[in-house]
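K.L.:
protein.cif is reproduced below (mmCIF, C-alpha atoms and all ligand atoms).
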data_my_file
#
loop_
_atom_site.label_atom_id
_atom_site.label_comp_id
_atom_site.auth_asym_id
_atom_site.auth_seq_id
_atom_site.Cartn_x
_atom_site.Cartn_y
_atom_site.Cartn_z
CA MET A 1 35.75 178.24 115.48
CA THR A 2 33.18 179.87 113.22
CA SER A 3 30.88 177.70 111.15
CA PRO A 4 30.99 178.19 107.35
CA THR A 5 28.54 180.78 106.06
CA PRO A 6 25.46 179.03 104.63
CA ASP A 7 24.53 179.62 101.01
CA LYS A 8 20.82 178.94 101.42
CA ILE A 9 18.42 179.91 104.20
CA THR A 10 14.84 179.09 105.07
CA ILE A 11 12.65 181.57 106.89
CA ASN A 12 10.08 181.13 109.67
CA GLY A 13 6.80 180.99 107.72
CA GLU A 14 4.57 181.10 110.79
CA ARG A 15 6.19 184.27 112.07
CA LEU A 16 5.96 185.87 108.62
CA TRP A 17 2.25 184.98 108.45
CA GLN A 18 1.57 186.36 111.91
CA SER A 19 3.17 189.68 110.99
CA LEU A 20 1.08 189.86 107.78
CA MET A 21 -2.10 189.25 109.78
CA ASP A 22 -1.10 191.72 112.51
CA LEU A 23 -0.41 194.46 110.00
CA ALA A 24 -3.71 193.71 108.21
CA ASP A 25 -5.55 194.51 111.48
CA ILE A 26 -4.34 198.10 111.15
CA GLY A 27 -6.86 199.62 108.77
CA GLY A 28 -8.91 196.40 108.76
CA TYR A 29 -12.63 196.80 107.97
CA ASP A 30 -15.63 194.57 107.29
CA ASP A 31 -16.24 194.66 103.56
CA GLU A 32 -19.99 194.62 102.85
CA ARG A 33 -19.74 193.37 99.27
CA THR A 34 -17.55 190.34 99.97
CA GLY A 35 -18.38 189.71 103.62
CA LEU A 36 -14.62 189.50 104.19
CA ARG A 37 -12.16 191.55 106.22
CA GLY A 38 -10.49 194.09 103.96
CA VAL A 39 -7.70 196.60 104.51
CA ASN A 40 -7.97 200.36 103.99
CA ARG A 41 -4.65 202.07 104.69
CA LEU A 42 -4.33 204.93 102.21
CA ALA A 43 -0.92 206.61 102.23
CA LEU A 44 -0.22 209.07 105.07
CA THR A 45 -3.60 208.66 106.74
CA ASP A 46 -3.71 208.03 110.48
CA THR A 47 -4.04 204.29 109.85
CA ASP A 48 -1.01 204.30 107.54
CA ALA A 49 0.92 206.17 110.24
CA THR A 50 -0.09 203.52 112.80
CA GLY A 51 1.02 200.81 110.38
CA ARG A 52 4.32 202.58 109.78
CA ARG A 53 4.98 202.88 113.52
CA GLN A 54 4.25 199.16 113.97
CA VAL A 55 6.61 198.14 111.18
CA ILE A 56 9.33 200.48 112.47
CA ALA A 57 8.97 198.79 115.88
CA TRP A 58 9.44 195.39 114.21
CA MET A 59 12.47 196.72 112.35
CA GLU A 60 14.01 197.98 115.58
CA GLN A 61 13.25 194.70 117.38
CA ALA A 62 15.14 192.99 114.54
CA GLY A 63 18.11 195.27 115.27
CA LEU A 64 17.75 197.44 112.18
CA THR A 65 18.87 201.06 112.26
CA VAL A 66 15.96 203.09 110.92
CA ARG A 67 16.13 206.30 108.90
CA ILE A 68 13.28 208.26 107.30
CA ASP A 69 13.78 210.52 104.30
CA ARG A 70 12.03 213.69 103.20
CA MET A 71 9.42 211.67 101.27
CA GLY A 72 8.61 209.59 104.34
CA ASN A 73 10.36 206.59 102.80
CA ILE A 74 11.63 204.37 105.63
CA TYR A 75 14.82 202.29 105.48
CA GLY A 76 16.02 199.77 108.08
CA ARG A 77 19.71 198.87 107.85
CA ARG A 78 21.54 195.75 109.01
CA GLU A 79 25.26 196.41 108.96
CA GLY A 80 27.60 194.19 106.97
CA ALA A 81 31.20 193.16 107.56
CA ASP A 82 32.15 195.92 105.16
CA PRO A 83 30.00 198.92 106.08
CA THR A 84 31.44 200.91 103.17
CA ALA A 85 30.10 198.42 100.61
CA ALA A 86 26.87 199.34 98.82
CA PRO A 87 23.94 197.60 100.53
CA VAL A 88 21.60 195.04 99.08
CA LEU A 89 18.13 196.59 99.23
CA THR A 90 14.78 194.85 99.50
CA GLY A 91 11.32 196.16 100.40
CA SER A 92 8.05 197.41 98.94
CA HIS A 93 5.13 199.43 100.37
CA ILE A 94 2.56 199.19 103.16
CA ASP A 95 0.11 201.83 101.93
CA SER A 96 -2.95 200.21 100.36
CA VAL A 97 -5.88 200.95 98.09
CA ALA A 98 -9.17 201.49 99.94
CA THR A 99 -10.42 197.94 99.25
CA ALA A 100 -7.24 195.93 99.73
CA GLY A 101 -6.24 192.57 101.10
CA ALA A 102 -3.36 191.80 103.46
CA PHE A 103 -0.59 191.05 100.97
CA ASP A 104 -0.05 193.72 98.30
CA GLY A 105 3.28 195.38 99.20
CA CYS A 106 3.21 194.13 102.80
CA LEU A 107 4.67 190.76 101.79
CA GLY A 108 7.80 192.48 100.43
CA VAL A 109 8.33 194.64 103.52
CA LEU A 110 7.52 192.02 106.15
CA GLY A 111 9.36 189.39 104.11
CA GLY A 112 12.46 191.60 104.19
CA ILE A 113 12.21 191.96 107.98
CA GLU A 114 11.74 188.20 108.32
CA VAL A 115 14.94 187.64 106.33
CA VAL A 116 16.78 189.93 108.76
CA ARG A 117 15.37 188.01 111.75
CA ILE A 118 16.63 184.74 110.27
CA LEU A 119 20.07 186.19 109.52
CA ASN A 120 20.21 187.31 113.18
CA GLU A 121 19.08 183.95 114.54
CA ARG A 122 21.57 182.11 112.37
CA GLY A 123 24.35 184.50 113.45
CA ILE A 124 25.16 185.32 109.83
CA THR A 125 27.18 188.41 109.03
CA THR A 126 26.95 189.30 105.36
CA ARG A 127 29.75 191.16 103.59
CA ARG A 128 27.42 193.94 102.45
CA PRO A 129 24.78 195.69 104.54
CA VAL A 130 21.19 194.61 103.97
CA GLU A 131 18.47 197.28 103.92
CA VAL A 132 14.68 196.95 104.00
CA GLY A 133 12.75 199.86 102.43
CA ILE A 134 9.14 201.02 102.79
CA PHE A 135 8.19 203.43 100.01
CA THR A 136 5.53 206.12 100.42
CA GLU A 137 2.33 206.21 98.30
CA GLU A 138 3.16 203.32 95.98
CA GLU A 139 -0.51 202.93 95.18
CA GLY A 140 -0.99 206.49 93.98
CA VAL A 141 -4.67 206.41 94.89
CA ARG A 142 -4.56 209.16 97.48
CA PHE A 143 -2.31 211.76 95.82
CA GLY A 144 -2.74 210.67 92.19
CA THR A 145 0.76 209.52 91.18
CA ASP A 146 1.84 205.92 91.76
CA MET A 147 5.27 204.68 92.91
CA LEU A 148 5.71 208.19 94.26
CA GLY A 149 8.22 207.67 97.10
CA SER A 150 10.46 205.38 95.08
CA ALA A 151 10.25 207.65 92.01
CA VAL A 152 11.56 210.58 94.09
CA ALA A 153 14.21 208.39 95.75
CA ALA A 154 15.40 207.32 92.30
CA GLY A 155 15.36 210.89 90.94
CA ARG A 156 12.61 210.53 88.29
CA LEU A 157 10.27 212.93 90.09
CA THR A 158 11.21 215.90 92.26
CA LEU A 159 10.51 216.33 95.95
CA GLU A 160 8.75 219.62 95.18
CA TYR A 161 6.38 217.93 92.72
CA ALA A 162 5.56 215.18 95.22
CA HIS A 163 5.08 217.49 98.24
CA ALA A 164 2.68 219.72 96.27
CA LEU A 165 0.35 216.89 95.21
CA THR A 166 -3.10 217.07 96.78
CA ASP A 167 -5.73 214.50 97.73
CA ARG A 168 -9.46 214.88 97.01
CA ASP A 169 -9.87 217.05 100.11
CA GLY A 170 -7.11 219.41 98.97
CA LEU A 171 -4.61 218.21 101.59
CA THR A 172 -1.02 218.26 100.33
CA LEU A 173 1.33 215.33 100.59
CA GLY A 174 3.92 217.61 102.22
CA GLY A 175 1.36 218.68 104.84
CA GLU A 176 0.31 215.09 105.51
CA LEU A 177 3.95 214.04 105.93
CA ALA A 178 4.36 216.75 108.56
CA ARG A 179 1.03 216.00 110.26
CA THR A 180 1.80 212.29 110.61
CA GLY A 181 5.39 212.94 111.70
CA PHE A 182 6.97 211.18 108.74
CA ASN A 183 8.73 214.17 107.16
CA GLY A 184 12.14 212.69 107.86
CA LEU A 185 15.50 214.35 107.60
CA ALA A 186 17.45 211.82 105.55
CA ASP A 187 18.36 212.70 101.95
CA VAL A 188 15.63 211.52 99.62
CA ARG A 189 18.00 210.65 96.75
CA LEU A 190 19.06 207.09 97.34
CA ASP A 191 22.72 206.18 96.84
CA SER A 192 22.90 203.32 94.35
CA PRO A 193 22.49 200.02 96.17
CA HIS A 194 24.43 196.94 95.03
CA ALA A 195 21.11 195.36 93.96
CA TYR A 196 17.37 195.60 94.67
CA VAL A 197 15.09 192.57 94.96
CA GLU A 198 11.37 192.87 95.79
CA CYS A 199 9.07 190.00 96.70
CA HIS A 200 5.40 190.65 95.86
CA ILE A 201 2.20 188.72 95.24
CA GLU A 202 1.59 188.24 91.53
CA GLN A 203 -1.86 189.87 91.57
CA GLY A 204 -2.86 187.82 88.51
CA PRO A 205 -3.63 184.25 87.41
CA VAL A 206 -0.47 183.23 85.52
CA LEU A 207 1.42 181.31 88.22
CA ALA A 208 -1.66 179.33 89.26
CA GLU A 209 -2.54 178.59 85.63
CA ASN A 210 0.96 177.21 85.13
CA GLY A 211 0.88 175.25 88.39
CA VAL A 212 4.05 176.88 89.74
CA GLU A 213 4.89 178.56 93.05
CA ILE A 214 7.35 181.25 92.01
CA GLY A 215 7.52 183.91 89.32
CA VAL A 216 10.82 185.39 88.20
CA VAL A 217 9.76 188.81 86.98
CA THR A 218 11.24 189.97 83.68
CA GLY A 219 9.98 193.57 83.91
CA VAL A 220 6.96 195.83 84.36
CA GLN A 221 4.66 197.04 81.59
CA GLY A 222 4.07 200.74 80.86
CA ILE A 223 1.45 202.69 82.81
CA SER A 224 -0.38 205.85 81.76
CA TRP A 225 -2.77 207.71 84.08
CA GLN A 226 -4.78 210.76 83.01
CA GLU A 227 -7.61 212.71 84.60
CA ILE A 228 -10.25 214.09 82.24
CA THR A 229 -12.68 216.81 83.27
CA ILE A 230 -15.67 217.41 81.02
CA HIS A 231 -17.53 220.71 81.22
CA GLY A 232 -21.14 220.75 79.98
CA ARG A 233 -24.23 222.60 81.22
CA ALA A 234 -26.65 221.76 84.01
CA ALA A 235 -30.25 221.64 82.84
CA HIS A 236 -33.66 220.25 83.79
CA ALA A 237 -33.96 216.52 83.03
CA GLY A 238 -37.64 216.68 82.11
CA THR A 239 -37.88 219.85 80.11
CA THR A 240 -34.60 220.09 78.19
CA PRO A 241 -34.85 218.59 74.69
CA THR A 242 -31.91 216.53 73.49
CA HIS A 243 -30.68 219.15 71.01
CA LEU A 244 -30.36 221.73 73.81
CA ARG A 245 -28.38 219.52 76.20
CA ILE A 246 -24.65 219.72 76.82
CA ASP A 247 -24.44 216.52 78.83
CA ALA A 248 -21.08 215.94 80.52
CA GLY A 249 -22.24 212.53 81.80
CA LEU A 250 -23.05 211.33 78.31
CA ALA A 251 -19.59 212.43 77.11
CA ALA A 252 -17.98 210.49 79.98
CA ALA A 253 -19.90 207.37 78.96
CA GLN A 254 -18.77 207.81 75.33
CA ILE A 255 -15.13 207.96 76.49
CA ILE A 256 -15.49 204.74 78.47
CA VAL A 257 -17.08 202.90 75.56
CA HIS A 258 -14.42 204.22 73.17
CA LEU A 259 -11.60 203.02 75.43
CA GLN A 260 -13.05 199.52 75.39
CA ALA A 261 -13.33 199.72 71.60
CA LEU A 262 -9.61 200.57 71.41
CA VAL A 263 -8.84 197.47 73.50
CA ASP A 264 -11.23 195.23 71.54
CA SER A 265 -9.86 196.41 68.18
CA GLY A 266 -6.63 194.53 68.91
CA GLU A 267 -4.77 197.33 67.11
CA TYR A 268 -2.85 198.56 70.16
CA GLY A 269 -1.02 195.42 71.22
CA ASP A 270 -1.83 194.06 74.65
CA LEU A 271 -3.63 197.20 75.81
CA ARG A 272 -5.68 197.36 79.02
CA ALA A 273 -7.92 200.34 79.79
CA THR A 274 -9.79 201.19 82.99
CA VAL A 275 -11.94 204.08 84.11
CA GLY A 276 -11.80 203.53 87.87
CA HIS A 277 -12.98 206.96 88.98
CA LEU A 278 -16.08 208.67 87.58
CA ILE A 279 -18.14 211.36 89.19
CA VAL A 280 -20.77 213.73 87.82
CA HIS A 281 -21.89 217.10 89.17
CA PRO A 282 -24.19 218.13 90.60
CA ASP A 283 -24.91 214.40 90.95
CA LEU A 284 -28.70 214.62 91.16
CA THR A 285 -31.40 212.51 89.49
CA ASN A 286 -33.22 215.25 87.61
CA ILE A 287 -30.28 217.37 86.43
CA VAL A 288 -28.29 216.92 83.21
CA PRO A 289 -24.69 216.72 84.49
CA ALA A 290 -22.81 219.99 84.21
CA ARG A 291 -19.45 218.40 84.81
CA ALA A 292 -17.90 214.95 84.84
CA GLU A 293 -14.52 213.85 86.13
CA LEU A 294 -12.94 210.53 85.25
CA THR A 295 -9.57 208.86 85.34
CA VAL A 296 -8.09 206.73 82.56
CA ASP A 297 -5.60 203.99 83.45
CA LEU A 298 -3.87 202.46 80.41
CA ARG A 299 -1.37 199.58 80.59
CA ASN A 300 0.74 198.27 77.74
CA PRO A 301 3.95 196.23 77.59
CA ASP A 302 4.93 198.00 74.35
CA ASP A 303 5.77 201.71 74.61
CA VAL A 304 5.09 202.36 70.91
CA GLN A 305 1.63 200.80 71.15
CA MET A 306 1.01 202.77 74.36
CA ALA A 307 1.85 206.02 72.56
CA ARG A 308 -0.51 205.05 69.70
CA ALA A 309 -3.31 204.29 72.16
CA GLU A 310 -2.79 207.61 73.95
CA GLU A 311 -2.90 209.43 70.61
CA ALA A 312 -6.08 207.58 69.60
CA LEU A 313 -7.70 208.66 72.87
CA ALA A 314 -6.54 212.27 72.40
CA ALA A 315 -8.01 212.32 68.86
CA PHE A 316 -11.31 210.95 70.18
CA LEU A 317 -11.40 213.65 72.87
CA ARG A 318 -10.80 216.37 70.27
CA ASP A 319 -13.64 215.01 68.10
CA LEU A 320 -15.92 214.74 71.13
CA GLU A 321 -15.29 218.38 72.02
CA ASP A 322 -16.00 219.45 68.42
CA SER A 323 -19.18 217.39 68.28
CA ARG A 324 -21.14 219.57 70.71
CA PRO A 325 -20.88 223.36 70.91
CA GLY A 326 -20.39 224.34 74.55
CA LEU A 327 -18.76 221.06 75.56
CA SER A 328 -15.14 221.40 76.68
CA LEU A 329 -12.58 219.00 78.08
CA THR A 330 -9.41 219.39 80.09
CA VAL A 331 -6.86 216.61 80.49
CA ARG A 332 -4.30 216.37 83.30
CA ARG A 333 -1.42 213.92 83.27
CA MET A 334 -1.30 212.06 86.60
CA ALA A 335 1.43 209.48 86.02
CA LYS A 336 3.38 207.89 83.19
CA THR A 337 5.98 205.17 83.26
CA ALA A 338 7.54 203.26 80.38
CA TYR A 339 8.09 199.52 80.14
CA VAL A 340 10.97 198.63 82.51
CA PRO A 341 13.03 195.49 81.91
CA PHE A 342 14.66 193.85 84.94
CA ASP A 343 18.30 192.74 85.20
CA GLU A 344 18.89 189.36 83.57
CA GLY A 345 21.75 188.40 85.86
CA LEU A 346 19.58 189.00 88.91
CA GLN A 347 16.73 186.99 87.38
CA LYS A 348 19.20 184.09 87.13
CA VAL A 349 20.16 184.45 90.81
CA ILE A 350 16.45 184.32 91.75
CA ALA A 351 15.76 181.32 89.47
CA GLN A 352 18.73 179.48 90.97
CA ALA A 353 17.52 180.22 94.51
CA ALA A 354 14.06 178.86 93.59
CA ASP A 355 15.68 175.72 92.15
CA ASP A 356 17.77 175.29 95.30
CA HIS A 357 14.60 175.46 97.40
CA GLY A 358 12.96 172.87 95.12
CA LEU A 359 10.34 175.35 93.89
CA ASP A 360 9.00 175.37 90.34
CA HIS A 361 9.19 178.74 88.65
CA ILE A 362 8.44 180.53 85.40
CA SER A 363 9.43 183.94 84.06
CA LEU A 364 6.68 186.51 83.59
CA LEU A 365 6.08 190.21 83.04
CA SER A 366 4.39 192.21 85.79
CA GLY A 367 0.97 193.61 84.97
CA ALA A 368 1.02 195.86 88.06
CA GLY A 369 3.33 198.75 88.87
CA HIS A 370 5.97 198.29 91.58
CA ASP A 371 8.63 200.29 93.43
CA ALA A 372 11.19 197.98 91.80
CA GLN A 373 10.59 199.64 88.44
CA GLU A 374 11.81 202.95 89.88
CA ILE A 375 14.82 201.58 91.76
CA ALA A 376 15.85 199.78 88.54
CA VAL A 377 17.56 202.96 87.27
CA LEU A 378 19.93 202.87 90.27
CA CYS A 379 21.10 199.26 90.34
CA PRO A 380 20.47 195.73 89.03
CA THR A 381 16.86 195.03 90.03
CA ALA A 382 14.40 192.15 89.78
CA MET A 383 11.34 190.74 91.55
CA ILE A 384 10.00 187.49 92.94
CA PHE A 385 6.28 186.80 92.48
CA VAL A 386 4.21 184.66 94.82
CA ARG A 387 1.16 182.80 93.59
CA GLY A 388 -2.32 184.08 94.51
CA GLU A 389 -5.60 182.18 94.92
CA TYR A 390 -8.94 182.94 93.19
CA ASP A 391 -7.33 183.92 89.86
CA GLY A 392 -4.83 186.03 91.74
CA ILE A 393 -7.47 188.68 92.43
CA SER A 394 -6.01 191.78 94.08
CA HIS A 395 -7.06 195.32 95.07
CA ASN A 396 -9.98 193.41 96.59
CA PRO A 397 -10.45 191.88 100.07
CA ARG A 398 -10.53 188.47 98.34
CA GLU A 399 -6.79 188.82 97.68
CA TYR A 400 -5.17 185.74 99.20
CA SER A 401 -1.93 183.81 99.02
CA THR A 402 -1.52 180.78 101.26
CA PRO A 403 0.90 180.82 104.20
CA GLU A 404 2.98 178.22 102.32
CA ALA A 405 3.10 180.32 99.15
CA CYS A 406 4.18 183.40 101.13
CA ALA A 407 6.85 181.43 102.97
CA HIS A 408 8.18 179.94 99.74
CA GLY A 409 8.46 183.37 98.14
CA VAL A 410 10.33 184.74 101.15
CA ASP A 411 12.60 181.66 101.23
CA VAL A 412 13.64 182.56 97.68
CA LEU A 413 14.04 186.19 98.76
CA ALA A 414 16.19 185.16 101.73
CA THR A 415 18.58 183.01 99.73
CA THR A 416 18.77 185.59 96.93
CA LEU A 417 19.57 188.41 99.40
CA LEU A 418 22.14 186.27 101.22
CA ARG A 419 23.98 185.47 97.99
CA LEU A 420 23.89 189.07 96.76
CA ALA A 421 25.00 190.43 100.14
CA ASN A 422 28.07 188.19 100.04
CA GLN A 423 29.10 189.25 96.53
CA ASP A 424 32.22 191.36 96.09
C1 LIG B 1 -0.26 199.25 91.59
O1 LIG B 1 -0.93 198.64 92.42
C2 LIG B 1 -0.77 199.41 90.25
O2 LIG B 1 -1.73 200.18 90.08
O3 LIG B 1 -0.29 198.74 89.33
MN MN B 2 1.99 196.57 95.40
MN MN B 3 -1.46 197.68 94.71
#
Show the structure stored in the file as C-alpha cells.
Ligand code: GLV
Ligand code: MN
Ligand code: MN

P.N.:
Amino acid sequence: MTSPTPDKITINGERLWQSLMDLADIGGYDDERTGLRGVNRLALTDTDATGRRQVIAWMEQAGLTVRIDRMGNIYGRREGADPTAAPVLTGSHIDSVATAGAFDGCLGVLGGIEVVRILNERGITTRRPVEVGIFTEEEGVRFGTDMLGSAVAAGRLTLEYAHALTDRDGLTLGGELARTGFNGLADVRLDSPHAYVECHIEQGPVLAENGVEIGVVTGVQGISWQEITIHGRAAHAGTTPTHLRIDAGLAAAQIIVHLQALVDSGEYGDLRATVGHLIVHPDLTNIVPARAELTVDLRNPDDVQMARAEEALAAFLRDLEDSRPGLSLTVRRMAKTAYVPFDEGLQKVIAQAADDHGLDHISLLSGAGHDAQEIAVLCPTAMIFVRGEYDGISHNPREYSTPEACAHGVDVLATTLLRLANQD
C-alpha cells in the first residue's frame, strides 16, 4: 500500500546550512575591511569551476541527471511520473561578486538540491519532473552583462553576444567556458518549464523592518548599466594652469555628482544611481588624468522614469563634452532590463505555502536583479525572499541570514515546488 502524497514538506535545515558553508569555503578569503570571511567566486574563474564541480557532485549524489548547455548553465533533473510533462524549475546562481557573502544565489541552488534530497528521503514521486538550474554569470561583474546565462537561455540575448564578451584582461566568456570545461553540449534555449520559482535572500531591509520571515516577490525593478569613457589630456599637475587642462578625472567627478543630483531631485521616481567602477589613467599623483572610465548603474521600478533619467544623463554628458574643447566621451551600453512583474497565481501559491508553514509574509518588489526575471518570459515565475540581518546588507562579507531564516525560506520553496510539480 502506498501512503498518500503529502501536500507540505519540511526540509533538513542543518544539512542546507552545511552545504551553504561548504560552498562558501570555495573562493573564501579573509576580508581586511570587515575582518570577516568573504567569498570571491567570479564567474568562470578557477574557483567558480571548483564550486560548480562541487555542486554537480551534490546534484549527482541526490540522484539528479545533470546536463550543461552552451552557456555553461547547469541543470539537474529529477524525473516525474510523467516524464513528458514540462518540469517545474528552481535554481539561481553560484557565481559571486568579488566581495560577497555565502548566500546570494547559493541559497536558491542549494535550497533546490535540498528539496530534491527531501523528496528522495520521503519517497515522493511528483507528477512533473523537478529541475534545479545554475545560471552562468548572473552577477555580470566579470563580463559586464548581468543575468547573462539565464538571458541567453530565455532567448533575450544571443549566444554569440555572450560568448564574445570580454573581462578586464580581454579574456572572452567563450574562451573561459572552454578553459574551465563548462562549454556544454545541451541546447541553450530552454524549453518552457511549467513554472519557475527561485528562493533568494532579500538583500535589503524590508522584511526585517516589517518583522516577517518571508517575502513574496511581486517583480523586479528595471536595471540600466552603461560604461562611460572620458578622453582628456595628460599634463603636468604643477605647471598646467586650469584653463589649459582637459581633466578627465574632473569630468568623471562631475558625472557622479550629477547622478546624485538626479536622485535627490525626486523628479525621476524611485531612482537609484551608483558609480561602482572608476579608474583614471595614467593614475599617477602629479599627472592630470588623460582618461577616465566609469560605470553607471541605474535602478528604477518605473520604465518611463528610467527612460527620463537615462535621457537626463545623456543630456548632461552632451553638455559636459561641449563645455571643454578637447574633451570627448564615449558611452557603451552594458546591460538593460525593464521592470518585470511576476505571476500573480504563483505568488498566491507561495503565500499559501508560507501560511501553511506558519510563517508571516509580505509582498515586495525586488531591488536586485535575478535570473527569475529572465525565465519569466518562458513560464509563470515568482520568487521567495529570505530575511537578512544587519539591514539586509549584501555584496559584502557581512551578508548574513540565520540558519532558521534560510530553512524557513527553503521550506516554503519545498512545499511550493511539490504543489506545482503535482499540478496537471
Ligand atoms: C545582482 O546582484 C544585481 O546587481 O542586482
Ligand atoms: Mn543573486
Ligand atoms: Mn548578487

K.L.:
State, in Å with one decimal place, the distance from atom CA of A:Ala151 to atom CA of A:Glu138.

P.N.:
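These two atoms are separated by 9.2 Å.
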
K.L.:
Given the point (-5.2, 192.6, 97.3) in the coordinates of this file, which residues lie within 8 Å, counting only C-alpha atoms, and how would they look as a list of chain:residue names?

P.N.:
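Within the cut-off we find A:Thr99, A:Ala100, A:Gly101, A:Ala102, A:Phe103, A:Asp104, A:Gln203, A:Ile393, A:Ser394, A:His395, A:Asn396, A:Pro397, A:Arg398, A:Glu399, A:Tyr400.
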
K.L.:
Draw an axis-aligned box over all listed atoms of ligand LIG 1 (chain B), pad each side with 3 Å, and write its centre and edge lengths in Å, one decimal, as JSON.

P.N.:
{"center_x": -1.0, "center_y": 199.4, "center_z": 90.9, "size_x": 7.5, "size_y": 7.5, "size_z": 9.1}

K.L.:
For the contact check between chain A and ligand LIG 1 (chain B), emit one row per residue of chain A within 8 Å, containing the shortest atom pair and the distance in Å rounded to one decimal, counting only C-alpha atoms and all ligand atoms, chain then rising number order, as CSV.

P.N.:
residue,atom,partner,partner_atom,distance
A:Val97,CA,B:LIG1,O1,7.9
A:Asp104,CA,B:LIG1,O1,7.7
A:Glu138,CA,B:LIG1,C1,6.9
A:Glu139,CA,B:LIG1,O1,5.1
A:Gly140,CA,B:LIG1,O2,7.5
A:Asp146,CA,B:LIG1,O2,7.0
A:Met147,CA,B:LIG1,C1,7.9
A:Ile223,CA,B:LIG1,O3,7.8
A:Gly367,CA,B:LIG1,O3,6.8
A:Ala368,CA,B:LIG1,O3,3.4
A:Gly369,CA,B:LIG1,O3,3.6
A:His370,CA,B:LIG1,C1,6.3
A:His395,CA,B:LIG1,O1,7.5

K.L.:
Could you check which of A:His200, A:Arg179, A:Arg128, A:Arg189 is closest to ligand MN 2 (chain B), using all atoms listed in the file?

P.N.:
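With all atoms listed in the file as the atom set, the closest residue is A:His200.
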
K.L.:
Figure out the distance between atom CA of A:Ala85 and atom CA of A:His194, please, to one decimal in Å.

P.N.:
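Computed distance, atom CA of A:His194 to atom CA of A:Ala85, equals 8.1 Å.
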
K.L.:
Show me the residues close to (-23.3, 212.9, 79.1) - anything with an atom within 9 Å, counting all atoms listed in the file - and format the list as a count of residues only.

P.N.:
16
